[in-house]
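Colleague: Submitted below is the structure of interest, expressed as structure tokens.
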Amino acid sequence: QSAQVQLEFYESLAQEPLSAAKVEAATATILACFDKMQALLSDEHPFLAGERLGCLDISVFFNVDRFLAVSKHPLKQSHPRLHAWHEQR
């Protein structure tokens, strides 16, 4: 996203907080992304882009971590391979 799009998003939050419906929709989108990341991870590919830690892992880690801190989502139960990846920090 461009800096302008992000700025507009945060300005809109200041004027009108997120509704429960928007939070639910965002959560569904995030969990769909978690499903895709879960599918990428395996014993042979412990990182999102293969066998080694890469930029993708680093950038995604902070977003996963932030979501888990805010939502208290049970990642270990819903996405065990993603949970193992997250715990490698």
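Labels used: A, B, ... for chains in the order of the structure tokens, numbers from 1 for residues in each chain, and numbers from 1 for ligands as shown.
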Against range 60-71 of chain A, which residues of range 15-37 of chain A fall within 10 Å? For each one I want the closest pair of atoms and the distance in Å (one decimal), counting only C-alpha atoms, rows by chain and increasing residue number, as JSON lines.
Modeller:
```
{"residue": "A:Thr27", "atom": "CA", "partner": "A:Ser71", "partner_atom": "CA", "distance": 8.8}
{"residue": "A:Ile30", "atom": "CA", "partner": "A:Phe67", "partner_atom": "CA", "distance": 8.5}
{"residue": "A:Phe34", "atom": "CA", "partner": "A:Val64", "partner_atom": "CA", "distance": 8.6}
{"residue": "A:Met37", "atom": "CA", "partner": "A:Val60", "partner_atom": "CA", "distance": 9.8}
```
Colleague: With all heavy atoms retained, write the just-selected residues as a compact mmCIF listing (two decimals), in the first residue's frame.
Modeller:
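Wrote it out as again_39.txt, contents follow:
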```txt
# COMPACT_ATOMS: atom_id res chain seq x y z
N THR A 27 -10.74 -10.02 10.10
CA THR A 27 -10.26 -11.26 10.72
C THR A 27 -10.38 -12.42 9.74
O THR A 27 -9.46 -13.24 9.62
CB THR A 27 -11.04 -11.55 12.01
OG1 THR A 27 -10.82 -10.47 12.93
CG2 THR A 27 -10.61 -12.85 12.65
N ILE A 30 -7.57 -12.16 7.24
CA ILE A 30 -6.28 -12.54 7.85
C ILE A 30 -6.19 -14.05 8.00
O ILE A 30 -5.16 -14.66 7.69
CB ILE A 30 -6.10 -11.82 9.19
CG1 ILE A 30 -5.89 -10.32 8.95
CG2 ILE A 30 -4.94 -12.42 9.99
CD1 ILE A 30 -6.00 -9.46 10.19
N PHE A 34 -3.56 -16.79 6.65
CA PHE A 34 -2.93 -17.79 7.51
C PHE A 34 -3.06 -19.18 6.88
O PHE A 34 -2.13 -19.98 6.95
CB PHE A 34 -3.55 -17.79 8.91
CG PHE A 34 -3.09 -16.68 9.82
CD1 PHE A 34 -2.34 -15.61 9.36
CD2 PHE A 34 -3.43 -16.71 11.15
CE1 PHE A 34 -1.92 -14.59 10.21
CE2 PHE A 34 -3.02 -15.70 12.02
CZ PHE A 34 -2.27 -14.65 11.54
N MET A 37 -0.41 -19.44 4.25
CA MET A 37 0.92 -19.59 4.84
C MET A 37 1.09 -20.98 5.43
O MET A 37 2.16 -21.60 5.29
CB MET A 37 1.16 -18.52 5.90
CG MET A 37 1.34 -17.14 5.31
SD MET A 37 1.79 -15.89 6.53
CE MET A 37 0.21 -15.52 7.25
```
Colleague: Let's see if you can do this: from backbone DSSP, list all helix (DSSP H, G or I) residues in range 2-89 of chain A, as a ChimeraX atom specification.
Modeller: /A:3-15,20-40,55-71,75-78,80-87
Colleague: Which residues are close to Gln38 in chain A, i.e. within 9 Å by only C-alpha atoms, leaving aside same-chain residues fewer than 3 positions away? Reply as a list in words.
Modeller: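 Here the qualifying residues turn out to be Cys33, Phe34, Asp35, Leu41, Ser42, Leu48, His79, Pro80, Arg81, Leu82 and His83 of chain A.
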Colleague: If you keep N, CA, C and O atoms, can you produce a file of those selected residues as a PDB file, in the first residue's frame?
Modeller:
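Printed below is again-v5.pdb as written:
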```pdb
ATOM      1  N   CYS A  33      -5.361 -15.698   4.839  1.00  0.00           N
ATOM      2  CA  CYS A  33      -3.911 -15.581   4.577  1.00  0.00           C
ATOM      3  C   CYS A  33      -3.137 -16.595   5.417  1.00  0.00           C
ATOM      4  O   CYS A  33      -2.176 -17.199   4.935  1.00  0.00           O
ATOM      5  N   PHE A  34      -3.563 -16.787   6.654  1.00  0.00           N
ATOM      6  CA  PHE A  34      -2.928 -17.791   7.514  1.00  0.00           C
ATOM      7  C   PHE A  34      -3.064 -19.177   6.882  1.00  0.00           C
ATOM      8  O   PHE A  34      -2.126 -19.980   6.946  1.00  0.00           O
ATOM      9  N   ASP A  35      -4.212 -19.478   6.287  1.00  0.00           N
ATOM     10  CA  ASP A  35      -4.400 -20.768   5.613  1.00  0.00           C
ATOM     11  C   ASP A  35      -3.370 -20.943   4.507  1.00  0.00           C
ATOM     12  O   ASP A  35      -2.778 -22.021   4.356  1.00  0.00           O
ATOM     13  N   LEU A  41       4.195 -24.028   4.551  1.00  0.00           N
ATOM     14  CA  LEU A  41       5.150 -24.533   5.537  1.00  0.00           C
ATOM     15  C   LEU A  41       5.096 -26.050   5.644  1.00  0.00           C
ATOM     16  O   LEU A  41       4.029 -26.652   5.607  1.00  0.00           O
ATOM     17  N   SER A  42       6.276 -26.663   5.802  1.00  0.00           N
ATOM     18  CA  SER A  42       6.380 -28.117   5.981  1.00  0.00           C
ATOM     19  C   SER A  42       7.728 -28.408   6.624  1.00  0.00           C
ATOM     20  O   SER A  42       8.539 -27.509   6.843  1.00  0.00           O
ATOM     21  N   LEU A  48       8.628 -19.437   4.963  1.00  0.00           N
ATOM     22  CA  LEU A  48       7.596 -19.160   3.962  1.00  0.00           C
ATOM     23  C   LEU A  48       8.098 -19.273   2.532  1.00  0.00           C
ATOM     24  O   LEU A  48       7.339 -19.661   1.642  1.00  0.00           O
ATOM     25  N   HIS A  79      -3.647 -23.306  13.181  1.00  0.00           N
ATOM     26  CA  HIS A  79      -2.598 -23.362  12.157  1.00  0.00           C
ATOM     27  C   HIS A  79      -1.282 -23.817  12.819  1.00  0.00           C
ATOM     28  O   HIS A  79      -0.391 -23.011  13.057  1.00  0.00           O
ATOM     29  N   PRO A  80      -1.160 -25.101  13.124  1.00  0.00           N
ATOM     30  CA  PRO A  80       0.007 -25.570  13.892  1.00  0.00           C
ATOM     31  C   PRO A  80       1.366 -25.324  13.239  1.00  0.00           C
ATOM     32  O   PRO A  80       2.335 -24.999  13.927  1.00  0.00           O
ATOM     33  N   ARG A  81       1.463 -25.461  11.915  1.00  0.00           N
ATOM     34  CA  ARG A  81       2.758 -25.211  11.260  1.00  0.00           C
ATOM     35  C   ARG A  81       3.104 -23.723  11.299  1.00  0.00           C
ATOM     36  O   ARG A  81       4.262 -23.357  11.515  1.00  0.00           O
ATOM     37  N   LEU A  82       2.108 -22.868  11.119  1.00  0.00           N
ATOM     38  CA  LEU A  82       2.340 -21.436  11.221  1.00  0.00           C
ATOM     39  C   LEU A  82       2.724 -21.063  12.652  1.00  0.00           C
ATOM     40  O   LEU A  82       3.592 -20.224  12.870  1.00  0.00           O
ATOM     41  N   HIS A  83       2.116 -21.721  13.613  1.00  0.00           N
ATOM     42  CA  HIS A  83       2.472 -21.487  15.019  1.00  0.00           C
ATOM     43  C   HIS A  83       3.940 -21.870  15.260  1.00  0.00           C
ATOM     44  O   HIS A  83       4.691 -21.112  15.897  1.00  0.00           O
TER      45      HIS A  83
END
```
Colleague: Between CA of Arg52 in chain A and CA of Trp85 in chain A, what distance in Å does the model show, to one decimal?
Modeller: 11.7 Å
Colleague: Which residue gives the smallest distance to Leu75 in chain A among A:Lys36, A:Pro17, A:Leu31, A:Leu56, with only C-alpha atoms counted?
Modeller: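 Using only C-alpha atoms, Leu75 in chain A sits closest to A:Leu31.
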Colleague: What separation in Å, quoted to one decimal, exists between CA of Thr29 in chain A and CA of Phe9 in chain A?
Modeller: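 Those two atoms sit 16.9 Å apart.
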Colleague: May I ask for the distance between CA of Phe47 in chain A and CA of Gln88 in chain A, given in Å to one decimal place?
Modeller: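 Between CA of Phe47 in chain A and CA of Gln88 in chain A the gap is 9.8 Å.
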